[in-house]
Every structure is written in structure tokens, then in C-alpha cells.
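Undergrad: mmCIF, C-alpha atoms (C1' of nucleotides), file input_9.cif:
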data_protein
#
loop_
_atom_site.label_atom_id
_atom_site.label_comp_id
_atom_site.auth_asym_id
_atom_site.auth_seq_id
_atom_site.Cartn_x
_atom_site.Cartn_y
_atom_site.Cartn_z
CA MET A 177 -29.15 27.05 -63.03
CA SER A 178 -28.25 23.39 -63.11
CA SER A 179 -30.17 22.32 -60.05
CA LYS A 180 -29.90 18.80 -61.43
CA GLU A 181 -27.37 16.72 -59.55
CA PRO A 182 -25.70 13.56 -60.78
CA GLN A 183 -27.47 10.56 -59.38
CA GLN A 184 -24.61 9.28 -57.26
CA PHE A 185 -24.84 12.45 -55.17
CA GLU A 186 -28.22 11.29 -53.98
CA LEU A 187 -26.91 8.21 -52.22
CA VAL A 188 -24.41 10.25 -50.26
CA LYS A 189 -27.05 12.75 -49.30
CA THR A 190 -29.38 9.99 -48.21
CA ILE A 191 -26.71 8.34 -46.08
CA GLY A 192 -25.98 11.68 -44.46
CA LYS A 193 -29.58 12.51 -43.81
CA THR A 194 -30.36 9.08 -42.40
CA PHE A 195 -27.43 9.37 -40.06
CA LYS A 196 -28.51 12.82 -38.99
CA MET A 197 -32.04 11.66 -38.30
CA LEU A 198 -30.77 8.70 -36.33
CA THR A 199 -28.59 10.84 -34.12
CA MET A 200 -31.28 13.46 -33.62
CA THR A 201 -33.84 10.86 -32.68
CA LEU A 202 -31.46 9.24 -30.26
CA ARG A 203 -30.59 12.55 -28.64
CA ASP A 204 -34.25 13.42 -28.23
CA GLU A 205 -35.11 9.98 -26.86
CA MET A 206 -32.35 10.13 -24.27
CA LYS A 207 -33.40 13.59 -23.23
CA ALA A 208 -37.05 12.57 -23.06
CA LYS A 209 -36.16 9.62 -20.84
CA GLY A 210 -34.29 11.97 -18.53
CA LEU A 211 -30.83 10.61 -19.28
CA ASN A 212 -28.56 13.53 -18.60
CA ILE A 213 -25.90 12.52 -21.07
CA THR A 214 -24.94 13.29 -24.65
CA ARG A 215 -25.20 10.75 -27.45
CA GLN A 216 -21.44 10.60 -27.84
CA GLN A 217 -20.85 10.02 -24.15
CA GLY A 218 -23.58 7.43 -24.14
CA MET A 219 -22.08 5.48 -27.02
CA LEU A 220 -18.66 5.67 -25.41
CA LEU A 221 -20.11 4.39 -22.19
CA ARG A 222 -21.61 1.44 -24.03
CA ARG A 223 -18.18 0.61 -25.36
CA LEU A 224 -16.62 0.88 -21.91
CA ASN A 225 -19.30 -1.35 -20.51
CA ILE A 226 -17.93 -4.06 -22.77
CA GLN A 227 -14.25 -3.13 -22.59
CA SER A 228 -13.68 -1.57 -19.20
CA GLY A 229 -9.99 -0.94 -18.54
CA ILE A 230 -9.07 -0.20 -22.11
CA ILE A 231 -6.15 2.14 -22.75
CA GLN A 232 -7.24 5.64 -23.65
CA ASN A 233 -5.44 5.81 -26.97
CA GLU A 234 -6.85 2.47 -28.01
CA LEU A 235 -10.31 3.69 -27.18
CA ALA A 236 -9.73 6.71 -29.38
CA TRP A 237 -8.64 4.46 -32.23
CA ILE A 238 -11.59 2.09 -31.88
CA THR A 239 -14.15 4.87 -31.67
CA GLU A 240 -12.39 6.70 -34.51
CA ARG A 241 -11.82 9.90 -32.64
CA ASP A 242 -8.85 12.16 -32.31
CA LYS A 243 -7.14 11.40 -29.01
CA THR A 244 -7.75 14.94 -27.80
CA SER A 245 -11.44 14.66 -28.47
CA LEU A 246 -11.60 11.40 -26.60
CA ALA A 247 -9.57 12.73 -23.68
CA ARG A 248 -12.01 15.56 -23.20
CA LEU A 249 -15.01 13.29 -23.38
CA ILE A 250 -13.45 11.05 -20.74
CA THR A 251 -12.69 14.04 -18.54
CA LYS A 252 -16.33 15.10 -18.61
CA MET A 253 -17.54 11.59 -17.94
CA GLU A 254 -15.06 11.27 -15.10
CA LYS A 255 -16.37 14.45 -13.51
CA ASN A 256 -19.81 12.96 -13.84
CA GLY A 257 -18.75 9.81 -12.01
CA LEU A 258 -19.38 7.51 -14.97
CA VAL A 259 -15.78 6.41 -15.49
CA TYR A 260 -12.37 6.75 -13.87
CA ARG A 261 -8.78 6.76 -15.13
CA LYS A 262 -5.88 4.75 -13.80
CA VAL A 263 -2.27 4.93 -14.93
CA ASP A 264 -1.07 1.66 -16.40
CA GLU A 265 1.42 -0.22 -14.23
CA LYS A 266 3.76 -1.29 -17.00
CA ASP A 267 3.58 1.80 -19.18
CA LYS A 268 3.34 4.90 -17.09
CA ARG A 269 2.47 7.07 -20.05
CA ALA A 270 -0.73 5.16 -20.67
CA LYS A 271 -3.99 5.48 -18.79
CA ARG A 272 -6.68 2.88 -18.56
CA VAL A 273 -10.33 3.91 -18.47
CA PHE A 274 -12.77 2.00 -16.30
CA ILE A 275 -16.54 2.22 -16.09
CA THR A 276 -18.09 2.83 -12.67
CA GLU A 277 -21.18 1.24 -11.20
CA LYS A 278 -23.08 4.44 -11.95
CA GLY A 279 -21.85 4.13 -15.49
CA ARG A 280 -23.06 0.55 -15.80
CA ILE A 281 -26.51 1.44 -14.56
CA LEU A 282 -26.75 4.28 -17.04
CA THR A 283 -25.57 2.01 -19.84
CA GLU A 284 -28.45 -0.34 -19.24
CA LYS A 285 -30.92 2.50 -19.61
CA ILE A 286 -29.24 3.56 -22.83
CA ASN A 287 -29.37 0.02 -24.16
CA LYS A 288 -33.06 -0.16 -23.40
CA ILE A 289 -33.67 3.02 -25.38
CA LEU A 290 -31.59 1.74 -28.28
CA SER A 291 -33.43 -1.57 -28.38
CA ASP A 292 -36.80 0.12 -28.50
CA LEU A 293 -35.62 2.57 -31.11
CA PHE A 294 -34.12 -0.03 -33.39
CA LEU A 295 -37.22 -2.14 -33.32
CA LYS A 296 -39.23 0.79 -34.63
CA PHE A 297 -36.66 2.02 -37.04
CA GLN A 298 -36.54 -1.14 -39.15
CA ARG A 299 -40.30 -1.55 -39.49
CA GLY A 300 -41.25 -2.81 -42.94
CA LEU A 301 -37.73 -3.81 -43.91
CA LYS A 302 -37.05 -7.29 -45.19
CA GLU A 303 -33.99 -9.11 -43.95
CA ASN A 304 -32.82 -9.40 -47.51
CA GLU A 305 -32.97 -5.64 -47.99
CA ILE A 306 -30.99 -5.03 -44.84
CA ASP A 307 -28.34 -7.48 -45.99
CA ILE A 308 -27.94 -5.77 -49.34
CA THR A 309 -27.80 -2.38 -47.66
CA MET A 310 -25.13 -3.51 -45.24
CA ASN A 311 -23.22 -4.93 -48.16
CA THR A 312 -23.49 -1.75 -50.20
CA LEU A 313 -22.31 0.40 -47.33
CA GLN A 314 -19.46 -2.00 -46.70
CA THR A 315 -18.42 -1.74 -50.34
CA ILE A 316 -18.45 2.03 -50.10
CA GLN A 317 -16.27 1.87 -47.02
CA ASN A 318 -13.83 -0.41 -48.78
CA ASN A 319 -13.73 1.87 -51.79
CA LEU A 320 -12.97 4.85 -49.59
CA ASP A 321 -10.30 2.93 -47.71
CA ASN A 322 -8.60 1.96 -50.94
CA ASP A 323 -8.33 5.59 -51.92
CA PHE A 324 -5.91 6.09 -49.10
CA GLU A 325 -3.82 3.02 -49.75
CA ILE A 326 -2.89 4.21 -53.22
CA MET B 39 -19.43 -9.78 -20.70
CA SER B 40 -22.11 -9.70 -23.36
CA SER B 41 -20.04 -8.30 -26.18
CA LYS B 42 -22.69 -9.70 -28.48
CA GLU B 43 -24.94 -7.03 -29.90
CA PRO B 44 -28.37 -7.50 -31.41
CA GLN B 45 -28.09 -7.59 -35.18
CA GLN B 46 -30.06 -4.42 -35.84
CA PHE B 47 -27.36 -2.44 -34.03
CA GLU B 48 -24.99 -3.35 -36.80
CA LEU B 49 -26.90 -1.50 -39.49
CA VAL B 50 -26.88 1.69 -37.47
CA LYS B 51 -23.19 1.38 -36.78
CA THR B 52 -22.49 0.75 -40.44
CA ILE B 53 -24.49 3.79 -41.50
CA GLY B 54 -22.62 5.89 -38.96
CA LYS B 55 -19.22 4.61 -39.97
CA THR B 56 -19.90 5.02 -43.68
CA PHE B 57 -20.99 8.57 -43.08
CA LYS B 58 -17.92 9.27 -41.01
CA MET B 59 -15.62 7.84 -43.65
CA LEU B 60 -17.34 9.87 -46.34
CA THR B 61 -16.94 13.11 -44.46
CA MET B 62 -13.34 12.39 -43.50
CA THR B 63 -12.42 11.54 -47.08
CA LEU B 64 -14.08 14.67 -48.35
CA ARG B 65 -12.33 16.85 -45.80
CA ASP B 66 -8.96 15.34 -46.67
CA GLU B 67 -9.58 15.67 -50.40
CA MET B 68 -10.51 19.32 -50.10
CA LYS B 69 -7.48 20.01 -47.99
CA ALA B 70 -5.23 18.12 -50.38
CA LYS B 71 -6.56 20.15 -53.30
CA GLY B 72 -5.76 23.34 -51.39
CA LEU B 73 -9.37 24.39 -50.86
CA ASN B 74 -9.25 26.47 -47.73
CA ILE B 75 -12.77 25.69 -46.60
CA THR B 76 -14.53 23.26 -44.30
CA ARG B 77 -16.80 20.52 -45.54
CA GLN B 78 -19.86 22.17 -44.03
CA GLN B 79 -19.11 25.53 -45.59
CA GLY B 80 -18.42 23.80 -48.87
CA MET B 81 -21.75 21.98 -48.90
CA LEU B 82 -23.55 25.17 -47.93
CA LEU B 83 -21.83 26.98 -50.75
CA ARG B 84 -23.01 24.33 -53.20
CA ARG B 85 -26.55 24.94 -52.04
CA LEU B 86 -26.17 28.69 -52.40
CA ASN B 87 -24.76 28.23 -55.87
CA ILE B 88 -28.13 26.77 -56.81
CA GLN B 89 -30.32 28.96 -54.62
CA SER B 90 -28.55 32.28 -54.27
CA GLY B 91 -30.70 34.86 -52.50
CA ILE B 92 -32.48 32.41 -50.23
CA ILE B 93 -33.67 33.68 -46.87
CA GLN B 94 -31.39 32.70 -44.01
CA ASN B 95 -33.99 30.91 -41.97
CA GLU B 96 -35.12 28.94 -44.99
CA LEU B 97 -31.55 27.91 -45.62
CA ALA B 98 -31.27 26.69 -42.05
CA TRP B 99 -34.43 24.63 -42.49
CA ILE B 100 -33.32 23.11 -45.79
CA THR B 101 -29.88 22.23 -44.55
CA GLU B 102 -31.36 20.95 -41.29
CA ARG B 103 -29.36 23.16 -39.03
CA ASP B 104 -30.25 25.26 -36.05
CA LYS B 105 -30.59 28.86 -37.18
CA THR B 106 -27.78 29.93 -34.85
CA SER B 107 -25.47 27.36 -36.34
CA LEU B 108 -26.29 28.51 -39.82
CA ALA B 109 -25.92 32.19 -38.94
CA ARG B 110 -22.41 31.59 -37.68
CA LEU B 111 -21.44 29.62 -40.75
CA ILE B 112 -22.72 32.43 -42.96
CA THR B 113 -20.81 35.00 -40.93
CA LYS B 114 -17.57 33.12 -41.45
CA MET B 115 -18.24 32.67 -45.15
CA GLU B 116 -19.11 36.35 -45.44
CA LYS B 117 -15.80 37.32 -43.86
CA ASN B 118 -14.15 35.06 -46.39
CA GLY B 119 -15.86 36.82 -49.26
CA LEU B 120 -17.79 33.76 -50.40
CA VAL B 121 -21.28 35.13 -49.70
CA TYR B 122 -23.00 38.34 -48.64
CA ARG B 123 -26.18 39.17 -46.73
CA LYS B 124 -28.87 41.64 -47.76
CA VAL B 125 -31.94 42.62 -45.75
CA ASP B 126 -35.16 41.65 -47.52
CA GLU B 127 -37.13 44.61 -48.89
CA LYS B 128 -40.56 43.41 -47.87
CA ASP B 129 -39.70 41.76 -44.57
CA LYS B 130 -37.06 43.76 -42.79
CA ARG B 131 -36.47 41.03 -40.23
CA ALA B 132 -35.29 38.62 -42.90
CA LYS B 133 -31.92 38.52 -44.60
CA ARG B 134 -31.19 37.00 -47.95
CA VAL B 135 -27.88 35.26 -48.57
CA PHE B 136 -26.18 35.59 -51.94
CA ILE B 137 -23.16 33.79 -53.32
CA THR B 138 -20.29 35.91 -54.67
CA GLU B 139 -18.22 35.33 -57.77
CA LYS B 140 -15.43 34.04 -55.58
CA GLY B 141 -17.96 31.66 -54.06
CA ARG B 142 -19.06 30.38 -57.46
CA ILE B 143 -15.50 29.71 -58.54
CA LEU B 144 -14.84 27.78 -55.35
CA THR B 145 -18.05 25.82 -55.79
CA GLU B 146 -16.89 24.54 -59.14
CA LYS B 147 -13.70 23.24 -57.61
CA ILE B 148 -15.71 21.52 -54.89
CA ASN B 149 -18.02 19.96 -57.46
CA LYS B 150 -15.05 18.61 -59.36
CA ILE B 151 -13.73 16.96 -56.21
CA LEU B 152 -17.13 15.49 -55.43
CA SER B 153 -17.54 14.09 -58.92
CA ASP B 154 -14.19 12.36 -58.81
CA LEU B 155 -14.82 11.06 -55.33
CA PHE B 156 -18.25 9.66 -56.10
CA LEU B 157 -17.02 7.85 -59.15
CA LYS B 158 -14.50 5.98 -57.02
CA PHE B 159 -16.77 5.44 -54.09
CA GLN B 160 -19.36 3.41 -55.95
CA ARG B 161 -16.92 1.07 -57.67
CA GLY B 162 -18.28 -2.45 -57.90
CA LEU B 163 -21.84 -1.50 -56.96
CA LYS B 164 -24.68 -2.57 -59.17
CA GLU B 165 -27.43 -0.09 -59.89
CA ASN B 166 -29.89 -2.50 -58.41
CA GLU B 167 -27.99 -2.61 -55.12
CA ILE B 168 -27.86 1.17 -54.94
CA ASP B 169 -31.61 1.36 -55.50
CA ILE B 170 -32.36 -1.09 -52.72
CA THR B 171 -29.98 0.75 -50.40
CA MET B 172 -31.60 4.10 -51.14
CA ASN B 173 -34.95 2.51 -50.51
CA THR B 174 -33.89 0.97 -47.23
CA LEU B 175 -32.48 4.23 -45.96
CA GLN B 176 -35.62 6.02 -47.06
CA THR B 177 -37.74 3.55 -45.12
CA ILE B 178 -35.63 4.11 -42.03
CA GLN B 179 -36.09 7.85 -42.40
CA ASN B 180 -39.82 7.43 -42.69
CA ASN B 181 -39.90 5.18 -39.66
CA LEU B 182 -38.02 7.75 -37.64
CA ASP B 183 -40.25 10.56 -38.84
CA ASN B 184 -43.34 8.64 -37.81
CA ASP B 185 -42.00 8.33 -34.31
CA PHE B 186 -42.38 12.03 -33.92
CA GLU B 187 -45.83 12.29 -35.41
CA ILE B 188 -47.30 10.00 -32.80
"C1'" DA C 112 -55.87 51.10 -33.48
"C1'" DA C 113 -53.63 48.76 -29.63
"C1'" DT C 114 -52.04 44.61 -27.77
"C1'" DT C 115 -50.45 39.99 -28.18
"C1'" DT C 116 -48.19 36.49 -30.52
"C1'" DT C 117 -45.20 34.79 -33.93
"C1'" DT C 118 -41.08 35.00 -36.68
"C1'" DA C 119 -35.98 36.19 -38.26
"C1'" DG C 120 -31.86 36.89 -36.62
"C1'" DT C 121 -28.17 37.56 -32.99
"C1'" DT C 122 -25.59 36.73 -28.63
"C1'" DG C 123 -24.33 33.79 -24.57
"C1'" DT C 124 -23.10 29.38 -23.07
"C1'" DA C 125 -22.20 24.61 -23.70
"C1'" DT C 126 -20.66 20.19 -26.11
"C1'" DA C 127 -17.95 17.61 -29.56
"C1'" DT C 128 -14.32 17.67 -32.63
"C1'" DG C 129 -9.43 18.03 -34.87
"C1'" DC C 130 -4.72 19.95 -35.62
"C1'" DA C 131 -0.45 21.70 -33.68
"C1'" DA C 132 2.54 22.03 -30.06
"C1'" DC C 133 3.99 20.44 -25.77
"C1'" DT C 134 5.48 17.01 -21.66
"C1'" DA C 135 6.73 12.70 -20.06
"C1'" DT C 136 7.80 8.06 -20.68
"C1'" DA C 137 9.28 4.18 -23.46
"C1'" DT C 138 11.81 2.12 -27.31
"C1'" DA C 139 15.40 1.97 -30.90
"C1'" DG C 140 19.94 2.86 -32.71
"C1'" DT C 141 24.46 3.90 -32.14
"C1'" DA D 10 25.09 3.80 -21.66
"C1'" DC D 11 23.57 7.74 -24.40
"C1'" DT D 12 21.09 9.77 -27.81
"C1'" DA D 13 17.36 9.88 -31.02
"C1'" DT D 14 12.86 8.60 -32.06
"C1'" DA D 15 8.24 7.12 -31.13
"C1'" DT D 16 4.19 7.02 -28.26
"C1'" DA D 17 0.37 8.46 -24.59
"C1'" DG D 18 -1.68 12.10 -22.96
"C1'" DT D 19 -2.65 17.15 -22.23
"C1'" DT D 20 -3.29 22.08 -23.43
"C1'" DG D 21 -4.13 25.87 -26.82
"C1'" DC D 22 -6.72 27.26 -30.52
"C1'" DA D 23 -10.21 26.79 -34.07
"C1'" DT D 24 -14.66 25.01 -36.22
"C1'" DA D 25 -19.42 23.25 -36.07
"C1'" DT D 26 -23.31 22.61 -33.47
"C1'" DA D 27 -27.63 23.41 -30.43
"C1'" DC D 28 -30.51 25.43 -26.67
"C1'" DA D 29 -31.97 29.55 -24.14
"C1'" DA D 30 -32.65 34.20 -23.95
"C1'" DC D 31 -32.83 38.33 -26.28
"C1'" DT D 32 -34.14 42.25 -30.08
"C1'" DA D 33 -36.72 43.83 -33.75
"C1'" DA D 34 -40.20 43.42 -37.04
"C1'" DA D 35 -44.40 41.32 -38.88
"C1'" DA D 36 -48.89 39.09 -38.27
"C1'" DA D 37 -52.87 38.00 -35.65
"C1'" DT D 38 -56.29 39.13 -32.19
"C1'" DT D 39 -59.04 41.89 -29.72
#
Please re-express this file's structure in C-alpha cells.
TA:
Amino acid sequence: MSSKEPQQFELVKTIGKTFKMLTMTLRDEMKAKGLNITRQQGMLLRRLNIQSGIIQNELAWITERDKTSLARLITKMEKNGLVYRKVDEKDKRAKRVFITEKGRILTEKINKILSDLFLKFQRGLKENEIDITMNTLQTIQNNLDNDFEI
Amino acid sequence: MSSKEPQQFELVKTIGKTFKMLTMTLRDEMKAKGLNITRQQGMLLRRLNIQSGIIQNELAWITERDKTSLARLITKMEKNGLVYRKVDEKDKRAKRVFITEKGRILTEKINKILSDLFLKFQRGLKENEIDITMNTLQTIQNNLDNDFEI
DNA sequence: AATTTTTAGTTGTATATGCAACTATATAGT
DNA sequence: ACTATATAGTTGCATATACAACTAAAAATT
């Protein structure tokens, strides 16, 4: 009964499915190219390539993860020689995370894969359409944010 | 160095962030309303409310999950009295999953939350913008699908 | 009909994630 | 200066997820 859904449900579903397909494709591409790293670790590495030395908690905030989740990712990456931790001089509670040379090399491979992927993925899209889409998604984000501020 | 990203990266990031915000909001809303269920179980329950009696493997395919992942979700929901399994008469390998009365009642509460949420979340969006966004996301999905068919 | 292959589901192992509780250090308030 | 509070990070526990290997049943092949 009632297999008809209100129309606004569709947009949410589509966003979710698109995201899922993006992440699956990326995972498969990285595996196919022999990159022995997960998507999440890869994206984190990309961030550290730009902001090496960032404080762990800040990194969690920026990447919108729980600090425990981030800590465990970092631990795995550290064991893999992609990053290393260093206690902050001024604040001995805090740890800074640095990317290693191995990490930088891997990042470049990831970036290559992403570039190729993103070229394909926007085939047939007009700039105008992308702008409107970005804008729509931004509006949704703002709307969701406002819910919390009430 | 090079903190500048190609523009097409932005769209992907925005899709990802929007999705993340959607799921976080939904999780918080369900918790706030006292629904003792995860987002994933909730969405699965909604599907089962429409297609009660579906074969497990089919359900995994539709919801785009690995069959092991789905099986474990179902097991938890079964323990919680939201669904039950029944071996198919004709094909004794297969199991059909049915929603319980308790499951149906919970589904209605979830649907109420979703309706309220989706009304807020599309504030200020014109129908036209939503259409273009849906279309853009659909194109991206098609582009990603084609990658595999090569 | 007997064998092989495919399919549905489960179990083992691994990753990513978040909440609660904890430790240690830093900051604020008195 | 001492105490209370806040913050950075870790550990324990739980969920969701996927791949590989397995069992059992069905379908296909010979």
C-alpha cells in the first residue's frame, strides 16, 4: 500500500545514491590502480598534504569526524608510514599530524585518479547546471544548519 | 602549497557534505523523538513497510548493500521485533523478510519525522532548481555507471 | 541421472564510525 | 595558589559495512 512517496523524498534519495555511487567508484578505482588504502584514509591524506602539521582535534573538526574516529584513522595511517604524530610544544595535550614522504607520493597518485574520475563524471553537464546544483545543495545545507540554531 | 583545487572537486565535496548533514540531522531527529533505531534500520524498515515479504537477497540488491551487511541488519531488527524471517516455500535457500506490527507503527513515526524534515530542508528552493539538481545528479550517476560498462 | 555451476544465506575478519568514560594537561575562577 | 572547569587524546563498546570463504539448495550441463 501507498508505495507513492512525496516528491521531496526523491531529491534526498538521489543525493544519497549519487554519493554512494561516487564513493563506490572511487574505492574501486583506487583498488584497481593498486593503491592499498581506503577512500577515507586517502581523502584524509589529501587534506594532510595541504595542511601537514595540523592539530589532531582540528583535523577531526575540519573533516567532520568524531575525534575517536579520526584518531583511529591516524593510527592506522601511522602504522602504514603515511603520517606521523608529534606532541605540540606549547600544549602538551595536543598532537600535530604530519604527512611523510611516502604519504606525499601516494597523495599524488590519488589526485591523479580523482582528476581522471571527475573529468568523466561531469560529462554532458553544462556549467550553468553545475552552478545551480551547487547552489541548491548549499541551500539545503543552510536549511539543515538553521534547524540546529533554533 | 597548492591548496587550490580544481573546480570539479567542489561539486563532489558539496554532494558529500550535503549527504553527511542530511544523515546527521536525521539521526539526531530520530534520537530526539525517542526512536530507538538507527538511520539505516529505519530506512530499511520503510522499504519493508512497502514491500513486506521480499526475499533477503533482493532487498540487499535494492538497498544497494552487500548481502552480509543486510543479513546483519535484519538479524538486529528481528531481535528487536521489527521484522521476521520465513524460509520461502518454493526455494528453500531463500528467506523472505516480513515487517511486524511493531515495525509498522515505528515506520509511521519515522515517516512523520521525514516529512517534517523535508519540508524544512527545501525552504527557499524553487521547483525549477530542484528539477535541474535532480537532473544533474542523475547525469552524474549515469556517467559513473557507464564507466563500469566499458 | 549424475556432476557441475550458480545462487541465498551465514560466519570470519577487517575498516570506519560515534558515544561514553577515562587520563592528562591547560585555563578560569575564587 | 588552589580548585574547578574545559580541552586533547585514548580506550571500551556498539553499529554499519564489505570481502572471502563456507554451507545448502537449486539450476544447468553432460
Undergrad: Since I can't run it myself right now, could you work out what the PyMOL selection byres ((chain C and resi 123-138) around 7) selects here and report it as number ranges by chain?
TA: A: 242, 245, 268-269; C: 122, 139
Undergrad: Just the residues within 12 Å of D:DA34, please, counting all atoms listed in the file, with nothing from its chain fewer than 3 positions along; format it as a list in words.
TA: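 That gives Asp126, Lys128, Asp129, Lys130, Arg131 and Ala132 of chain B; DT117, DT118, DA119 and DG120 of chain C.
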Undergrad: Running the PyMOL selection byres ((chain A) within 9 of (chain B)) on this model by hand, what would come out? Give it as a ChimeraX atom specification.
TA: /A:177-179,182,184-188,190-198,201,225-227,240,290-291,293-301,305-321,323-324
Undergrad: Please produce, as a Markdown table, a per-residue contact table for chain D versus chain B (criterion: any atom at most 12 Å away, only C-alpha atoms (C1' of nucleotides) considered), showing the nearest atom pair and its distance in Å to one decimal, sorted by chain then residue number.
TA:
| residue | atom | partner | partner_atom | distance |
| --- | --- | --- | --- | --- |
| D:DA23 | C1' | B:Thr76 | CA | 11.7 |
| D:DT24 | C1' | B:Thr76 | CA | 8.3 |
| D:DA25 | C1' | B:Ser107 | CA | 7.3 |
| D:DT26 | C1' | B:Ser107 | CA | 6.0 |
| D:DA27 | C1' | B:Asp104 | CA | 6.5 |
| D:DC28 | C1' | B:Asp104 | CA | 9.4 |
| D:DA29 | C1' | B:Thr106 | CA | 11.5 |
| D:DT32 | C1' | B:Arg131 | CA | 10.5 |
| D:DA33 | C1' | B:Arg131 | CA | 7.1 |
| D:DA34 | C1' | B:Arg131 | CA | 5.5 |
| D:DA35 | C1' | B:Asp129 | CA | 7.4 |
| D:DA36 | C1' | B:Asp129 | CA | 11.5 |
Undergrad: Since we have the selection now, will you write its residues out, keeping C-alpha atoms (C1' of nucleotides), as a CSV table (one decimal), in the coordinates of the input?
TA:
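Below is the file that was written, out_6.csv:
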chain,number,residue,atom,x,y,z
D,23,DA,C1',-10.2,26.8,-34.1
D,24,DT,C1',-14.7,25.0,-36.2
D,25,DA,C1',-19.4,23.2,-36.1
D,26,DT,C1',-23.3,22.6,-33.5
D,27,DA,C1',-27.6,23.4,-30.4
D,28,DC,C1',-30.5,25.4,-26.7
D,29,DA,C1',-32.0,29.6,-24.1
D,32,DT,C1',-34.1,42.2,-30.1
D,33,DA,C1',-36.7,43.8,-33.8
D,34,DA,C1',-40.2,43.4,-37.0
D,35,DA,C1',-44.4,41.3,-38.9
D,36,DA,C1',-48.9,39.1,-38.3
Undergrad: Can you tell me which residues surround A:Ile213 at a distance of at most 12 Å, considering all atoms listed in the file, apart from same-chain residues fewer than 5 positions away, and format the answer as a list in words?
TA: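 With the cut-off at 12 Å, the set is Leu202, Arg203, Asp204, Glu205, Met206, Lys207, Ala208, Gly218, Met219, Leu220, Leu221, Leu249, Lys252, Met253, Asn256, Gly257, Leu258, Gly279, Leu282, Thr283, Lys285 and Ile286 of chain A; DT126 of chain C.
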Undergrad: Expanded to explicit residues, what is the PyMOL selection byres ((chain A and resi 231-235) around 7) for this file, as a VMD selection string?
TA: (chain A and resid 229 to 230 236 to 239 243 270 to 273) or (chain D and resid 17)
Undergrad: Please report the interatomic distance between atom CA of B:Arg142 and atom CA of B:Ala109 in Å with one decimal.
TA: 19.8 Å
Undergrad: Can you tell me how far atom CA of B:Glu139 sits from atom C1' of C:DT121, in Å to one decimal?
TA: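 Value for the atom CA of B:Glu139-atom C1' of C:DT121 distance: 26.8 Å.
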Undergrad: Provide the atom CA of A:Lys278 to atom CA of A:Val263 distance in Å, to one decimal place.
TA: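 Taking atom CA of A:Lys278 and atom CA of A:Val263, their separation equals 21.0 Å.
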Undergrad: Of the candidates A:Arg261, A:Lys255, A:Arg215, A:Lys209, which shows the shortest atom-to-atom distance to chain C, using all atoms listed in the file?
TA: A:Arg215
Undergrad: Looking at A:Lys262, A:Gly210, A:Ser228, A:Ile250, which one is nearest to chain C, with distances taken over all atoms listed in the file?
TA: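 Among A:Lys262, A:Gly210, A:Ser228, A:Ile250, it is A:Ile250 that comes nearest to chain C.
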